[in-house]
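Peer 1: Take this structure first; my questions come after.
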Amino acid sequence: GTPSKSRLFFALWPDETVIEAVERVRGELGLDQGRPVPEENLHITLLFLGDVPDEAIDDLKALADRLALAPCEIVLDRLEHWVRPAVLCLTASEVPEPVAELVNLLKRGVRKLGFKPEKCPFRPHLTLARKVRRRVVERRIEPVRWPVRDFVLVKSERDDRGSRYTILGRWPSSR
Ligand code: 2AM
């Protein structure tokens, strides 16, 4: 039969405190368009891999085992409306060095495994809503401080109600 594949990505996953802070910001926006991302789906993508043969998942986990993420803080301080993908997101004006470094090492690592990661520069963002087509004014927001203590490998599945994410592995930061 055809080898089975999963749609995978590496990500930062928020804890309860961060989710609450994001929900406060989102609530204050009073958004009247688009599809809000369900709170259990909120995340920051580090590296999108696309469809991966299931037998390669162990290689990705072994790669993550070899990488160390230093504890740091990501500060989401802007609201941005990305017109082309029609998403409303929170972004970080500054990428913490340990996160930038991790993304580079992940990219290099997956290339060695034969993946072709997208070349676009890493722009950390947390998507709040999709299908946001009418213009939203971009602005600074009350910063959401996100202590980064681990990263995860996530499997994405789609059904009629949207995306369902399953965390396949979690790698705590070194201290
Ligand atoms: P987004 O939030 O900006 O849409 C799972 O699909 C995650 O991977 C999403 O959070 C999505 O980011 C991200 N992603 C990055 N590149 C992607 C691509 N080419 N196709 C689908 N998702 C992508």
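Convention: chains lettered A, B, ... in structure tokens order; per-chain residue numbering from 1; ligands numbered from 1 as shown.
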Would you give me, as CSV, each residue of chain A having an atom within 10 Å of an atom of ligand 1, along with its shortest atom pair and that distance in Å to one decimal, using only C-alpha atoms and all ligand atoms and sorting by chain and residue number?
Peer 2:
```
residue,atom,partner,partner_atom_place_in_ligand_line,distance
A:Arg7,CA,ligand 1,6 (O),7.8
A:Leu8,CA,ligand 1,5 (C),7.3
A:Phe9,CA,ligand 1,8 (O),6.0
A:Phe10,CA,ligand 1,8 (O),8.2
A:Ala11,CA,ligand 1,7 (C),8.2
A:Val37,CA,ligand 1,2 (O),9.0
A:Asn41,CA,ligand 1,10 (O),8.6
A:Leu42,CA,ligand 1,10 (O),8.1
A:His43,CA,ligand 1,10 (O),6.7
A:Ile44,CA,ligand 1,10 (O),6.6
A:Thr45,CA,ligand 1,10 (O),5.3
A:Leu46,CA,ligand 1,8 (O),8.2
A:Leu47,CA,ligand 1,15 (C),6.8
A:Phe48,CA,ligand 1,15 (C),4.8
A:Leu49,CA,ligand 1,16 (N),7.8
A:Gly50,CA,ligand 1,20 (N),6.8
A:Asp51,CA,ligand 1,20 (N),9.9
A:Trp82,CA,ligand 1,3 (O),9.2
A:Pro85,CA,ligand 1,4 (O),7.6
A:Ala86,CA,ligand 1,4 (O),9.4
A:Val87,CA,ligand 1,3 (O),7.3
A:Leu88,CA,ligand 1,3 (O),9.1
A:Cys89,CA,ligand 1,2 (O),8.0
A:Pro117,CA,ligand 1,16 (N),9.3
A:Glu118,CA,ligand 1,19 (N),7.6
A:Cys120,CA,ligand 1,16 (N),9.3
A:Phe122,CA,ligand 1,15 (C),9.8
A:Arg123,CA,ligand 1,3 (O),9.3
A:Pro124,CA,ligand 1,3 (O),9.0
A:His125,CA,ligand 1,3 (O),6.9
A:Leu126,CA,ligand 1,2 (O),6.3
A:Thr127,CA,ligand 1,2 (O),4.8
A:Leu128,CA,ligand 1,2 (O),8.2
A:Ala129,CA,ligand 1,2 (O),8.8
A:Arg130,CA,ligand 1,4 (O),7.9
A:Val154,CA,ligand 1,5 (C),8.3
A:Lys155,CA,ligand 1,5 (C),8.3
A:Ser156,CA,ligand 1,5 (C),6.3
A:Glu157,CA,ligand 1,6 (O),9.0
A:Arg158,CA,ligand 1,6 (O),9.7
A:Ser163,CA,ligand 1,6 (O),8.1
A:Arg164,CA,ligand 1,5 (C),9.6
A:Tyr165,CA,ligand 1,5 (C),8.4
```
Peer 1: Please give the complete set of residues from chain A that DSSP, run on the backbone, assigns to strand (DSSP E), formatted as a VMD selection string.
Peer 2: chain A and resid 5 to 12 35 to 36 44 to 53 72 to 82 87 to 91 125 to 130 139 to 148 150 to 159 162 to 172
Peer 1: Identify, with DSSP run on backbone atoms, the residues in region 84-158 of chain A assigned to alpha helix (DSSP H), and express the list as a list in words.
Peer 2: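 Residues of region 84-158 of chain A classed as alpha helix (DSSP H): Glu97, Pro98, Val99, Ala100, Glu101, Leu102, Val103, Asn104, Leu105, Leu106, Lys107, Arg108, Gly109, Val110, Arg111 and Lys112 of chain A.
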Peer 1: Got time to write the residues from that selection, N, CA and C atoms, as a CSV table (one decimal), in the first residue's frame?
Peer 2:
```
chain,number,residue,atom,x,y,z
A,97,GLU,N,17.5,35.4,20.5
A,97,GLU,CA,18.6,34.7,19.9
A,97,GLU,C,18.5,33.1,20.0
A,98,PRO,N,18.2,32.6,21.2
A,98,PRO,CA,18.1,31.1,21.3
A,98,PRO,C,17.1,30.5,20.4
A,99,VAL,N,16.0,31.3,20.1
A,99,VAL,CA,14.9,30.8,19.2
A,99,VAL,C,15.4,30.8,17.8
A,100,ALA,N,16.1,31.9,17.4
A,100,ALA,CA,16.6,32.0,16.0
A,100,ALA,C,17.6,30.9,15.8
A,101,GLU,N,18.5,30.7,16.8
A,101,GLU,CA,19.5,29.7,16.7
A,101,GLU,C,18.8,28.3,16.5
A,102,LEU,N,17.8,28.0,17.3
A,102,LEU,CA,17.1,26.7,17.2
A,102,LEU,C,16.5,26.5,15.9
A,103,VAL,N,15.9,27.5,15.3
A,103,VAL,CA,15.3,27.4,14.0
A,103,VAL,C,16.4,27.1,12.9
A,104,ASN,N,17.5,27.8,13.0
A,104,ASN,CA,18.6,27.5,12.1
A,104,ASN,C,19.1,26.1,12.2
A,105,LEU,N,19.2,25.6,13.4
A,105,LEU,CA,19.7,24.2,13.6
A,105,LEU,C,18.7,23.2,13.1
A,106,LEU,N,17.4,23.5,13.4
A,106,LEU,CA,16.4,22.6,12.9
A,106,LEU,C,16.4,22.6,11.3
A,107,LYS,N,16.5,23.8,10.7
A,107,LYS,CA,16.6,23.8,9.2
A,107,LYS,C,17.7,23.0,8.7
A,108,ARG,N,18.9,23.2,9.3
A,108,ARG,CA,20.1,22.5,8.8
A,108,ARG,C,19.9,21.0,9.0
A,109,GLY,N,19.4,20.7,10.2
A,109,GLY,CA,19.2,19.2,10.5
A,109,GLY,C,18.2,18.5,9.6
A,110,VAL,N,17.1,19.2,9.3
A,110,VAL,CA,16.1,18.5,8.4
A,110,VAL,C,16.6,18.5,7.0
A,111,ARG,N,17.4,19.4,6.6
A,111,ARG,CA,18.0,19.4,5.3
A,111,ARG,C,18.9,18.1,5.1
A,112,LYS,N,19.7,17.9,6.2
A,112,LYS,CA,20.5,16.7,6.2
A,112,LYS,C,19.7,15.4,6.1
```
Peer 1: Could you pull the residues within 12 Å of Ile19 (chain A), counting only C-alpha atoms, minus those fewer than 3 positions along the same chain, as a list in words?
Peer 2: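 Once the adjacent positions are removed, what remains is Trp13, Pro14, Asp15, Glu16, Val22, Glu23, Arg24, Val25, Arg26, Gly27, Val37, Pro38, Glu39, Glu40, Asn41, Leu42, His43, Ile44, Leu126, Leu128, Val144, Arg145, Trp146 and Pro147 of chain A.
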Peer 1: Nearest residue to Glu55 (chain A) out of A:Ala21, A:Val132, A:Cys72, A:Leu113, using only C-alpha atoms?
Peer 2: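 Smallest separation from Glu55 (chain A) among the options: A:Leu113.
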Peer 1: Of the candidates A:Thr166, A:Ser6, A:Ser173, A:Gln33, which one gets nearest to Ala68 (chain A) if we count only C-alpha atoms?
Peer 2: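 Among the listed residues, A:Ser173 lies closest to Ala68 (chain A).
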Peer 1: Which of these, A:Val95, A:Ala62, A:Leu29, A:Ile141, has the shortest distance to Arg78 (chain A) once you count only C-alpha atoms?
Peer 2: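 Of the candidates, the smallest distance to Arg78 (chain A) is held by A:Ile141.
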Peer 1: Using only C-alpha atoms, pick whichever of A:Asp58, A:Pro71, A:Pro143, A:Leu63 has the shortest atom-to-atom distance to Glu94 (chain A).
Peer 2: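 Selected residue with least distance to Glu94 (chain A): A:Pro143.
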Peer 1: Have a look at A:Arg139, A:Lys61, A:Arg133, A:Arg35 and name the one nearest to Leu76 (chain A); count only C-alpha atoms.
Peer 2: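 For Leu76 (chain A), the nearest of the candidates is A:Arg139.
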Peer 1: Taking into account only C-alpha atoms, which residue in the set A:Ser93, A:Lys116, A:Phe151, A:Asp32 is nearest to Ile167 (chain A)?
Peer 2: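 Looking at the shortest contact to Ile167 (chain A), the residue is A:Phe151.
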Peer 1: Take CA of Glu138 (chain A) and CA of Leu79 (chain A) and report the distance between them in Å, one decimal.
Peer 2: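 Straight-line distance from CA of Glu138 (chain A) to CA of Leu79 (chain A) works out to 5.3 Å.
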Peer 1: What is the CA of Lys5 (chain A)-CA of Leu67 (chain A) distance in Å, reported with one decimal?
Peer 2: 24.3 Å
Peer 1: Just how far from CA of Ile74 (chain A) is CA of Pro172 (chain A), in Å to one decimal?
Peer 2: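 Computing it gives 15.7 Å between the two atoms.
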